[in-house]
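Report on one structure; see the data block that follows.
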Amino acid sequence: MNVAEVIVDVSSKNIDRPFDYKIPDHLKGMIEVGMRVIVPFGPRKLQGFVTGLKDSSELNGKSVKEVEQLLDLTPVLTEELMQLSSWLSDKTLSFKITALQAMLPAALKAKYEKELKVIDEEALTPEIKRLFRDQKSLLYSDIADQNILSSLQKFVRRGSIDVTYKVAQKTNKKMIRMIEADEDKEELSRQADALSKQASKQLAVLHYFIAGGAKIAAADLCKKTNASSATLKTLLEKGLLKESFEEVYRDPYQDRMFKKTEPLPLTDEQRAAFEPIKQAVADNVHHVFLLHGVTGSGKTEIYLQSIEKVLAKGKEAIVLVPEISLTPQMVNRFKGRFGSQVAVMHSGLSTGEKYDEWRKIQRREVRLVVGARSAIFAPFENLGMIIIDEEHESSYKQEEMPRYHAKDVAIKRAEHHSCPVVLGSATPTLESFARAKKGVYELLPLKHRVNRQVMPEVSLVDMREELRNGNRSMFSTELMEQLEEKLAKKEQAVLFLNKRGYSSFVMCRDCGYVPQCPHCDISMTYHRYGQRLKCHYCGHEEPVPGTCPECGSEHIRFFGTGTQRVEEELTKVLPQARVIRMDVDTTSRKGAHEKLLSAFGEGKADILLGTQMIAKGLDFPNVTLVGVLSADTTLHIPDFRAAEKTFQLLTQVSGRAGRHEKPGSVIIQTYTPSHYSIQLTKTHDYESFFQQEMAHRRAQSYPPYYYVALVTVSHEEAAKAAITAEKITNFLKSGCGPGTKILGPAASPIARIKDRYRYQCVIKYRQETELQVQLKKILDHYKRDIAQKHVMISIDMNPYMLM
DNA sequence: AGCACGCCGACT
DNA sequence: GTCGGCGTGCTC
C-alpha cells in the first residue's frame, strides 16, 4: 500500500472528500484506516483521518504529496465506527470530517498554530525586531497589535520572515513523576550515614528506600517522608535516586467509595419485562425493546440485571442517560454494581478527564459506559447491548452538526453488533410508542411501582379562579396550605418551575419597553448577581439600565418569575421555611449541583426550588409534596411537540413525590386546566394521552405520521436571507413529490441570532430518500453562495426545536 | 475554511 | 508609481 486516502480537517463542501497522499517508506506498513495523520494541504499542515489505503493514486503521482506524520499507533476509530461515520454524515447532511470528529473526545482534535521565524534580521524594521526581541521565532496568535500584522506580512512576502504551520494536540496524557532507588540498599545506607546531621529530610527519604520501599509517585513520597521536592532534587543529583514518568488516568471519581450492591429480587412484572431482554442477549439478536414503566417501577434494576448478563457473556454495554440526570446518584448505582468496569462520560468532566475515560474504553479496561449522548460512539468492538434511559429526553438530539439523534445511532450500531437496544421511559416519545404498537419495537410494560406504592394524588389548580378570588400571588391557596402542613410534619417539598418563559426580564413600567439583545431578536435575561442583563443565545452582557432608554422613566425594574423571584416571595410568605434554590446561577460551579442535592437529602432544607434539572432522578424518601407553579409555559412554545413535552414534564415531576413509605401528593397550578396534556397527568394516563396526541399529529401531518426537516437560511442582511429562503422553498416545491408538504419560508421564531437574520422552511415528508436527494442538491447548488456571499444554510433532518 | 493570486482605487 | 482593498479559485 503506497497511498493513503485522507479526509482533512476542513469543513467545506468542496473539501468534503478524500485526498490522496503518498506513504513515505518509513511509514509503510504502519498506516491503517482509522488512524490520524498530519498532511500538507496547500501552504498549511492539517490533521486528517485515513479512510482508505491503495497501491497507487489515479492522479498519476505528479501532484500527490506525502503523509507528513502518523499520529496514532493503533486506529482511534474502529472499522465499524468508520462506516458509521459515513452513514452519519449521509443521514445528517454534514461533512465527513464533522462526523468523524463527533465520535472522538475533544482532546484528539487538532490545534493549529502559525509560527514566524526570522530569516533576514537586517531587513526588519526596529519595531519588528523589538517584537521578536531575542527570540528567533514567535507565535502568530501572540501578536495582539493589528497594525504590526500588515507590515509583518510584507516581510513574509519578501522572504525575510518565514511562516511555518504547526499542528498540536489539545490535551495530552497526564504523566506523573515516579521515584525509585538508583543504588542498592547497602550503598544507600552508607550514603545515609555520611549525610550531615541537618539533612534529616534526605535521611527520611533514604530510609524509605533502605526499608525496601518500592517505586513511588514523587508527591506520595514527599507526603510520606515529609520531604520537599528540593530534597528529592538533591538526592537525584547525587545519583542515589532516579526519576521516571508514568502515565496516569485522571479519575474524577477516585476519592469516592462505592458501596457494592447486589441484584434485587424482581417483581413478577419486572421479571416479565426482563425475560425477553435476557433472551435477546443470550441469542445475540438485534431487537428494540421499549420498556414503558411508570415512575418508580424499577427500570434501573432491569437495566442492571440485563447488563450483568451481557458482561457475563464477555460482551460490552453502553448506557445512555440524559445529561442532566447524570447525577452522582445515577453513577453510584452503576459503579456500585459493576465497580471499576464502568467508565463515565458526561459534560461535567474536563477535556482531559473525558479523554482518559475514552482511553479506558479503547484499551478494553472497562466494559460498560454510562454516559450522555456522545457516549453512543464508545469504541467497543464486542457490544452486547445498548440502553437508552428516559428515551424521550431531547438532550439525545445534538443541536449542532452533525445533528444526530443518539437513538438512531444506537439502533444502527446494534444492528451491526446484532444486539438488543432497550429504550426506557415512563412517557415514551410518540414515535417510539407508535412503533411499539406496530410491532416494530417490542413493548415491555411496567404498570406498577415496586413495593406497591400508589401513584401520587394529583390535583389541578385553576389559577384564573385564584385570581378571581383575589389571590394575586404565584402560590395558590391549596399549595400554601399543603406547604404549611408539610413543614409542620417535618416533611419535604419540591417546587418546580418550567424554565422556558420563566426567565426574568426587565421592563419599563411606564412605556412597556423590554431590553433586547443588540445581536439577537430576543429579550435579555435578568441576573441579579451583578445586576446584569444577559443574552442566552450569544452571551452578550450589559448592566441593567438605571432609566428607561426609550422614555427616560426611572420605573424600570425586573419582571417575570425566575427562580430567584420565587425564592424571594417564598421567604416572604413562609419565613420559617429553609429553601434550596437550584438554577443556572447556583449550580454553575463544579460539584455545586451535587452539594445542593445532598444537602436537601440530609434534610438541611424543607423546600427544593428549581427548574427542569431537578425533575430527573430525584429520589428522596421524605419528599411528599411536589408543586408545579405554572404548567402552561411549555404548552405555548412554538413547537408541534409542545403538548408532548408538557405531559412528559408533568408526569416526570409528579413521579418525584411519595416514592417510599409516605404517600405523596402533587399540585399543578395552571391557566389552562382543560388541556388534555394537563388533564391526563391527573390520572397518569399515558395511553389516553397517546391516543389524543396522535389524532392531532395525524390531522396536522406531523411525526410519527410524517417526517419533518428544517432548513434555516441566515445572513447579515434580512433581505438576502429571505430571498435565498424563498428560492430554496420554490426549488423544493417543484422538486418534491405530491406527498411532501412544504411550509414557508417564514422568519424563524428567533428572527436574528448573533447579528444574522434567519428564515426557515419546514418540510413534512413520508419518503426519506427522495427528500435527502433534493436537500443535497440544494447544498450543492448553493455552495458558491455559501462561500462567497456568506449565506449560511443549515439543515436539520429531525429537528427538536423549530427555531 | 484559509490562503495566494490578481486586478482596481487612494495615497506618499 | 506603491499599498492594500477584497473577488476568485485551489487545496492530493
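Order determines the names: the first chain of the C-alpha cells is A, the second B, and so forth; residues in each chain are numbered 1 upward, and ligands are numbered 1 upward as they are shown.
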
I'd like the contact shell of region 3-11 of chain B - 10 Å cut-off, only C-alpha atoms (C1' of nucleotides), skipping same-chain residues fewer than 4 positions apart - returned as a list in words.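 The filter keeps Gly42, Pro43 and Arg44 of chain A; DT2, DC3, DG4, DG5, DG7, DT8, DG9, DC10 and DT11 of chain C.
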
Dump of C-alpha atoms (C1' of nucleotides) for the selected residues, as a PDB file, in the first residue's frame:
ATOM      1  CA  GLY A  42      -1.876  23.921   0.260  1.00  0.00           C
ATOM      2  CA  PRO A  43       0.543  26.062   2.239  1.00  0.00           C
ATOM      3  CA  ARG A  44      -0.519  24.700   5.619  1.00  0.00           C
TER       4      ARG A  44
ATOM      5  C1'  DT C   2       3.138  51.583  -4.495  1.00  0.00           C
ATOM      6  C1'  DC C   3      -0.149  49.935  -0.902  1.00  0.00           C
ATOM      7  C1'  DG C   4      -3.831  47.442   0.221  1.00  0.00           C
ATOM      8  C1'  DG C   5      -8.921  46.641  -0.686  1.00  0.00           C
ATOM      9  C1'  DG C   7     -13.416  38.977  -5.548  1.00  0.00           C
ATOM     10  C1'  DT C   8     -11.814  34.225  -7.353  1.00  0.00           C
ATOM     11  C1'  DG C   9     -10.059  29.818  -7.256  1.00  0.00           C
ATOM     12  C1'  DC C  10      -7.464  25.998  -5.236  1.00  0.00           C
ATOM     13  C1'  DT C  11      -6.079  22.732  -1.835  1.00  0.00           C
TER      14       DT C  11
END

Expected answer as a PyMOL selection string: strand (DSSP E) residues in region 75-294 of chain A: chain A and resi 110-118+137-139+161-169+174-181+216-217+241-248+288-293

Report as a PyMOL selection string all protein, DNA and RNA residues lying within 12 Å of Phe647 (chain A), evaluated on only C-alpha atoms (C1' of nucleotides), omitting residues in the same chain fewer than 3 positions from it. chain A and resi 392+426-430+631-635+641-644+650-654+668+675-690+692-693

Tell me, as a ChimeraX atom specification, which residues lie within 8 Å of Ala721 (chain A), counting only C-alpha atoms (C1' of nucleotides); anything in the same chain fewer than 3 positions away does not count. /A:713-718,724-725,757-759,791

Expected answer as a PyMOL selection string: chain A residues within 7 Å of chain B, only C-alpha atoms (C1' of nucleotides): chain A and resi 10-12

Output for the residues just chosen: C-alpha atoms as a CSV table (one decimal), in the first residue's frame:
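Saved to part_31.csv:
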chain,number,residue,atom,x,y,z
A,10,VAL,CA,-11.6,21.5,6.8
A,11,SER,CA,-15.4,21.9,7.0
A,12,SER,CA,-16.3,23.0,3.5

Quick one: which chain A residues come within 12 Å of chain C, and what is the nearest atom pair for each with the distance in Å to one decimal, counting only C-alpha atoms (C1' of nucleotides), rows ordered by chain and ascending number, as JSON lines?
{"residue": "A:Val3", "atom": "CA", "partner": "C:DC12", "partner_atom": "C1'", "distance": 10.3}
{"residue": "A:Ala4", "atom": "CA", "partner": "C:DC12", "partner_atom": "C1'", "distance": 9.9}
{"residue": "A:Glu5", "atom": "CA", "partner": "C:DC12", "partner_atom": "C1'", "distance": 8.7}
{"residue": "A:Val6", "atom": "CA", "partner": "C:DC12", "partner_atom": "C1'", "distance": 8.8}
{"residue": "A:Ile7", "atom": "CA", "partner": "C:DC12", "partner_atom": "C1'", "distance": 10.4}
{"residue": "A:Val8", "atom": "CA", "partner": "C:DC12", "partner_atom": "C1'", "distance": 10.4}
{"residue": "A:Asp9", "atom": "CA", "partner": "C:DT11", "partner_atom": "C1'", "distance": 12.0}
{"residue": "A:Val10", "atom": "CA", "partner": "C:DT11", "partner_atom": "C1'", "distance": 10.3}
{"residue": "A:Ser12", "atom": "CA", "partner": "C:DT11", "partner_atom": "C1'", "distance": 11.5}
{"residue": "A:Asn14", "atom": "CA", "partner": "C:DT11", "partner_atom": "C1'", "distance": 9.5}
{"residue": "A:Ile15", "atom": "CA", "partner": "C:DT11", "partner_atom": "C1'", "distance": 8.0}
{"residue": "A:Asp16", "atom": "CA", "partner": "C:DT11", "partner_atom": "C1'", "distance": 11.7}
{"residue": "A:Arg17", "atom": "CA", "partner": "C:DC12", "partner_atom": "C1'", "distance": 10.5}
{"residue": "A:Pro18", "atom": "CA", "partner": "C:DC12", "partner_atom": "C1'", "distance": 8.4}
{"residue": "A:Phe19", "atom": "CA", "partner": "C:DC12", "partner_atom": "C1'", "distance": 4.6}
{"residue": "A:Asp20", "atom": "CA", "partner": "C:DC12", "partner_atom": "C1'", "distance": 4.5}
{"residue": "A:Tyr21", "atom": "CA", "partner": "C:DC12", "partner_atom": "C1'", "distance": 5.9}
{"residue": "A:Lys22", "atom": "CA", "partner": "C:DC12", "partner_atom": "C1'", "distance": 8.9}
{"residue": "A:Val39", "atom": "CA", "partner": "C:DC12", "partner_atom": "C1'", "distance": 9.6}
{"residue": "A:Pro40", "atom": "CA", "partner": "C:DC12", "partner_atom": "C1'", "distance": 9.0}
{"residue": "A:Phe41", "atom": "CA", "partner": "C:DT11", "partner_atom": "C1'", "distance": 5.8}
{"residue": "A:Gly42", "atom": "CA", "partner": "C:DT11", "partner_atom": "C1'", "distance": 4.8}
{"residue": "A:Pro43", "atom": "CA", "partner": "C:DT11", "partner_atom": "C1'", "distance": 8.5}
{"residue": "A:Arg44", "atom": "CA", "partner": "C:DT11", "partner_atom": "C1'", "distance": 9.5}
{"residue": "A:Lys45", "atom": "CA", "partner": "C:DT11", "partner_atom": "C1'", "distance": 11.1}
{"residue": "A:Leu46", "atom": "CA", "partner": "C:DT11", "partner_atom": "C1'", "distance": 11.2}
{"residue": "A:Ser57", "atom": "CA", "partner": "C:DC12", "partner_atom": "C1'", "distance": 9.1}
{"residue": "A:Glu58", "atom": "CA", "partner": "C:DC12", "partner_atom": "C1'", "distance": 10.3}
{"residue": "A:Leu59", "atom": "CA", "partner": "C:DC12", "partner_atom": "C1'", "distance": 8.1}
{"residue": "A:Asn60", "atom": "CA", "partner": "C:DC12", "partner_atom": "C1'", "distance": 10.8}
{"residue": "A:Gly61", "atom": "CA", "partner": "C:DC12", "partner_atom": "C1'", "distance": 9.3}
{"residue": "A:Lys62", "atom": "CA", "partner": "C:DC12", "partner_atom": "C1'", "distance": 9.6}
{"residue": "A:Ser63", "atom": "CA", "partner": "C:DC12", "partner_atom": "C1'", "distance": 6.5}
{"residue": "A:Val64", "atom": "CA", "partner": "C:DC12", "partner_atom": "C1'", "distance": 5.0}
{"residue": "A:Lys65", "atom": "CA", "partner": "C:DC12", "partner_atom": "C1'", "distance": 6.4}
{"residue": "A:Glu66", "atom": "CA", "partner": "C:DC12", "partner_atom": "C1'", "distance": 9.0}
{"residue": "A:Val67", "atom": "CA", "partner": "C:DC12", "partner_atom": "C1'", "distance": 10.2}
{"residue": "A:Ser150", "atom": "CA", "partner": "C:DG4", "partner_atom": "C1'", "distance": 9.3}
{"residue": "A:Ser151", "atom": "CA", "partner": "C:DC3", "partner_atom": "C1'", "distance": 10.9}
{"residue": "A:Gln153", "atom": "CA", "partner": "C:DG4", "partner_atom": "C1'", "distance": 11.4}
{"residue": "A:Lys154", "atom": "CA", "partner": "C:DC3", "partner_atom": "C1'", "distance": 10.4}
{"residue": "A:Arg784", "atom": "CA", "partner": "C:DT8", "partner_atom": "C1'", "distance": 10.9}
{"residue": "A:Ala787", "atom": "CA", "partner": "C:DT8", "partner_atom": "C1'", "distance": 10.8}
{"residue": "A:Gln788", "atom": "CA", "partner": "C:DG7", "partner_atom": "C1'", "distance": 8.5}
{"residue": "A:Lys789", "atom": "CA", "partner": "C:DG7", "partner_atom": "C1'", "distance": 10.6}

What would the file look like if the residues just selected were written as a JSON list (two decimals), in the first residue's frame with C-alpha atoms?
[["chain", "number", "residue", "atom", "x", "y", "z"],
["A", 3, "VAL", "CA", -1.15, 5.72, -1.00],
["A", 4, "ALA", "CA", -3.48, 6.79, 1.83],
["A", 5, "GLU", "CA", -6.85, 8.40, 1.32],
["A", 6, "VAL", "CA", -7.30, 11.14, 3.87],
["A", 7, "ILE", "CA", -10.24, 13.27, 4.99],
["A", 8, "VAL", "CA", -8.70, 16.54, 6.11],
["A", 9, "ASP", "CA", -9.79, 18.86, 8.87],
["A", 10, "VAL", "CA", -11.60, 21.47, 6.75],
["A", 12, "SER", "CA", -16.30, 22.95, 3.46],
["A", 14, "ASN", "CA", -15.51, 21.34, -1.79],
["A", 15, "ILE", "CA", -13.10, 19.64, 0.57],
["A", 16, "ASP", "CA", -15.61, 17.07, 1.77],
["A", 17, "ARG", "CA", -13.94, 14.10, 0.04],
["A", 18, "PRO", "CA", -10.77, 12.02, 0.49],
["A", 19, "PHE", "CA", -7.44, 13.40, -0.73],
["A", 20, "ASP", "CA", -4.59, 11.11, -1.79],
["A", 21, "TYR", "CA", -1.21, 11.14, -0.05],
["A", 22, "LYS", "CA", 1.85, 9.03, -0.73],
["A", 39, "VAL", "CA", -0.66, 16.12, 5.96],
["A", 40, "PRO", "CA", 0.37, 19.17, 3.94],
["A", 41, "PHE", "CA", -2.64, 20.92, 2.43],
["A", 42, "GLY", "CA", -1.88, 23.92, 0.26],
["A", 43, "PRO", "CA", 0.54, 26.06, 2.24],
["A", 44, "ARG", "CA", -0.52, 24.70, 5.62],
["A", 45, "LYS", "CA", -0.49, 21.50, 7.62],
["A", 46, "LEU", "CA", -3.68, 19.77, 8.72],
["A", 57, "SER", "CA", -3.33, 7.19, -6.97],
["A", 58, "GLU", "CA", -5.44, 7.95, -10.02],
["A", 59, "LEU", "CA", -3.72, 11.35, -10.07],
["A", 60, "ASN", "CA", -0.64, 9.56, -11.51],
["A", 61, "GLY", "CA", 1.67, 10.73, -8.84],
["A", 62, "LYS", "CA", 2.52, 14.18, -10.07],
["A", 63, "SER", "CA", 0.58, 16.26, -7.60],
["A", 64, "VAL", "CA", 0.44, 13.77, -4.76],
["A", 65, "LYS", "CA", 2.20, 14.92, -1.59],
["A", 66, "GLU", "CA", 3.46, 12.71, 1.20],
["A", 67, "VAL", "CA", 1.94, 11.99, 4.59],
["A", 150, "SER", "CA", 0.25, 44.14, 7.90],
["A", 151, "SER", "CA", 3.89, 45.16, 7.96],
["A", 153, "GLN", "CA", 3.00, 40.33, 6.03],
["A", 154, "LYS", "CA", 5.28, 42.42, 3.83],
["A", 784, "ARG", "CA", -20.87, 29.11, -4.19],
["A", 787, "ALA", "CA", -18.58, 30.53, 0.27],
["A", 788, "GLN", "CA", -18.82, 33.96, -1.30],
["A", 789, "LYS", "CA", -21.93, 35.75, -0.21]]

Any idea what's packed within 12 Å of region 396-405 of chain A, counting only C-alpha atoms (C1' of nucleotides), ignoring anything in its chain fewer than 2 positions away? Could you give it as JSON, numbers by chain? {"A": [11, 84, 85, 86, 87, 88, 89, 90, 91, 92, 93, 94, 95, 96, 97, 98, 99, 100, 101, 102, 103, 320, 321, 322, 323, 324, 371, 372, 373, 374, 375, 376, 377, 388, 389, 390, 391, 392, 393, 394, 407, 408, 409, 410, 411, 412, 709, 710, 793, 794, 795, 796, 797, 798, 799, 800, 801, 802, 803]}

CA of Met792 (chain A) to CA of Val50 (chain A): how many Å, to one decimal? 28.9 Å

Just the alpha helix (DSSP H) stuff from region 245-359 of chain A, please, per backbone DSSP, written as an MDAnalysis selection string. chainID A and resid 268:283 299:312 328:338 351:359

Restricted to C-alpha atoms, what would the selected residues look like written as a PDB file, in the first residue's frame?
ATOM      1  CA  ASP A 268     -43.404 -10.560  38.690  1.00  0.00           C
ATOM      2  CA  GLU A 269     -43.913  -7.627  36.393  1.00  0.00           C
ATOM      3  CA  GLN A 270     -40.206  -6.809  36.277  1.00  0.00           C
ATOM      4  CA  ARG A 271     -39.372 -10.422  35.559  1.00  0.00           C
ATOM      5  CA  ALA A 272     -41.857 -10.487  32.698  1.00  0.00           C
ATOM      6  CA  ALA A 273     -40.090  -7.481  31.184  1.00  0.00           C
ATOM      7  CA  PHE A 274     -36.631  -8.827  31.906  1.00  0.00           C
ATOM      8  CA  GLU A 275     -37.120 -12.261  30.317  1.00  0.00           C
ATOM      9  CA  PRO A 276     -37.335 -11.159  26.649  1.00  0.00           C
ATOM     10  CA  ILE A 277     -34.300  -8.893  27.071  1.00  0.00           C
ATOM     11  CA  LYS A 278     -32.336 -11.703  28.666  1.00  0.00           C
ATOM     12  CA  GLN A 279     -33.330 -13.972  25.809  1.00  0.00           C
ATOM     13  CA  ALA A 280     -32.213 -11.468  23.169  1.00  0.00           C
ATOM     14  CA  VAL A 281     -28.863 -11.126  24.913  1.00  0.00           C
ATOM     15  CA  ALA A 282     -28.469 -14.883  25.057  1.00  0.00           C
ATOM     16  CA  ASP A 283     -29.375 -15.324  21.392  1.00  0.00           C
ATOM     17  CA  LYS A 299     -36.491   0.220  35.318  1.00  0.00           C
ATOM     18  CA  THR A 300     -32.935   0.714  36.502  1.00  0.00           C
ATOM     19  CA  GLU A 301     -32.824  -2.654  38.239  1.00  0.00           C
ATOM     20  CA  ILE A 302     -33.823  -4.273  34.951  1.00  0.00           C
ATOM     21  CA  TYR A 303     -31.016  -2.400  33.203  1.00  0.00           C
ATOM     22  CA  LEU A 304     -28.539  -3.559  35.810  1.00  0.00           C
ATOM     23  CA  GLN A 305     -29.509  -7.201  35.628  1.00  0.00           C
ATOM     24  CA  SER A 306     -29.527  -7.144  31.825  1.00  0.00           C
ATOM     25  CA  ILE A 307     -26.038  -5.644  31.801  1.00  0.00           C
ATOM     26  CA  GLU A 308     -24.910  -8.362  34.147  1.00  0.00           C
ATOM     27  CA  LYS A 309     -25.957 -10.943  31.564  1.00  0.00           C
ATOM     28  CA  VAL A 310     -24.109  -9.058  28.834  1.00  0.00           C
ATOM     29  CA  LEU A 311     -20.904  -8.795  30.838  1.00  0.00           C
ATOM     30  CA  ALA A 312     -21.152 -12.449  31.831  1.00  0.00           C
ATOM     31  CA  PRO A 328     -23.870  11.056  41.381  1.00  0.00           C
ATOM     32  CA  GLN A 329     -26.980   9.103  42.406  1.00  0.00           C
ATOM     33  CA  MET A 330     -27.133   7.569  38.943  1.00  0.00           C
ATOM     34  CA  VAL A 331     -23.400   6.957  38.681  1.00  0.00           C
ATOM     35  CA  ASN A 332     -23.455   5.320  42.112  1.00  0.00           C
ATOM     36  CA  ARG A 333     -25.966   2.738  41.011  1.00  0.00           C
ATOM     37  CA  PHE A 334     -23.779   1.550  38.145  1.00  0.00           C
ATOM     38  CA  LYS A 335     -20.437   1.848  39.897  1.00  0.00           C
ATOM     39  CA  GLY A 336     -21.956   0.155  42.928  1.00  0.00           C
ATOM     40  CA  ARG A 337     -22.942  -2.894  40.906  1.00  0.00           C
ATOM     41  CA  PHE A 338     -20.085  -3.097  38.426  1.00  0.00           C
ATOM     42  CA  THR A 351     -11.408  17.574  28.323  1.00  0.00           C
ATOM     43  CA  GLY A 352      -8.589  15.582  29.892  1.00  0.00           C
ATOM     44  CA  GLU A 353     -10.886  13.509  32.083  1.00  0.00           C
ATOM     45  CA  LYS A 354     -13.090  12.672  29.113  1.00  0.00           C
ATOM     46  CA  TYR A 355     -10.035  11.658  27.141  1.00  0.00           C
ATOM     47  CA  ASP A 356      -8.927   9.322  29.924  1.00  0.00           C
ATOM     48  CA  GLU A 357     -12.344   7.699  30.228  1.00  0.00           C
ATOM     49  CA  TRP A 358     -12.329   7.216  26.467  1.00  0.00           C
ATOM     50  CA  ARG A 359      -8.900   5.570  26.566  1.00  0.00           C
TER      51      ARG A 359
END

To one decimal place in Å, what is the distance between CA of Ser476 (chain A) and CA of Val506 (chain A)?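 For CA of Ser476 (chain A) relative to CA of Val506 (chain A), the distance reads 25.0 Å.
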
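Straight-line separation from CA of Leu775 (chain A) to CA of Gly737 (chain A): 13.4 Å.
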
From the set A:Asp510, A:Glu180, A:Asp780, A:Glu431, which residue has the shortest atom-to-atom contact distance to Lys215 (chain A), counting only C-alpha atoms?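 Among the listed residues, A:Glu180 lies closest to Lys215 (chain A).
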
Report as an MDAnalysis selection string all protein, DNA and RNA residues lying within 7 Å of Asn2 (chain A), evaluated on only C-alpha atoms (C1' of nucleotides), omitting residues in the same chain fewer than 5 positions from it. chainID A and resid 22:23 54:56

Could you save the residues just selected, with N, CA and C atoms, as a compact mmCIF listing (two decimals), in the first residue's frame?
# COMPACT_ATOMS: atom_id res chain seq x y z
N LYS A 22 0.89 10.13 -0.66
CA LYS A 22 1.85 9.03 -0.73
C LYS A 22 2.32 8.68 0.68
N ILE A 23 2.54 7.39 0.91
CA ILE A 23 3.04 6.97 2.21
C ILE A 23 4.56 6.86 2.11
N LYS A 54 -4.48 2.39 -0.75
CA LYS A 54 -4.45 1.79 -2.09
C LYS A 54 -3.03 1.79 -2.63
N ASP A 55 -2.82 1.04 -3.72
CA ASP A 55 -1.47 0.90 -4.24
C ASP A 55 -0.99 2.12 -5.00
N SER A 56 -1.93 2.76 -5.70
CA SER A 56 -1.49 3.95 -6.44
C SER A 56 -2.66 4.93 -6.56

At a cut-off of 6 Å, using only C-alpha atoms (C1' of nucleotides), what residues contact Ile318 (chain A)? Leave out same-chain residues fewer than 6 positions from it and give the result as a PyMOL selection string. chain A and resi 368-369+386
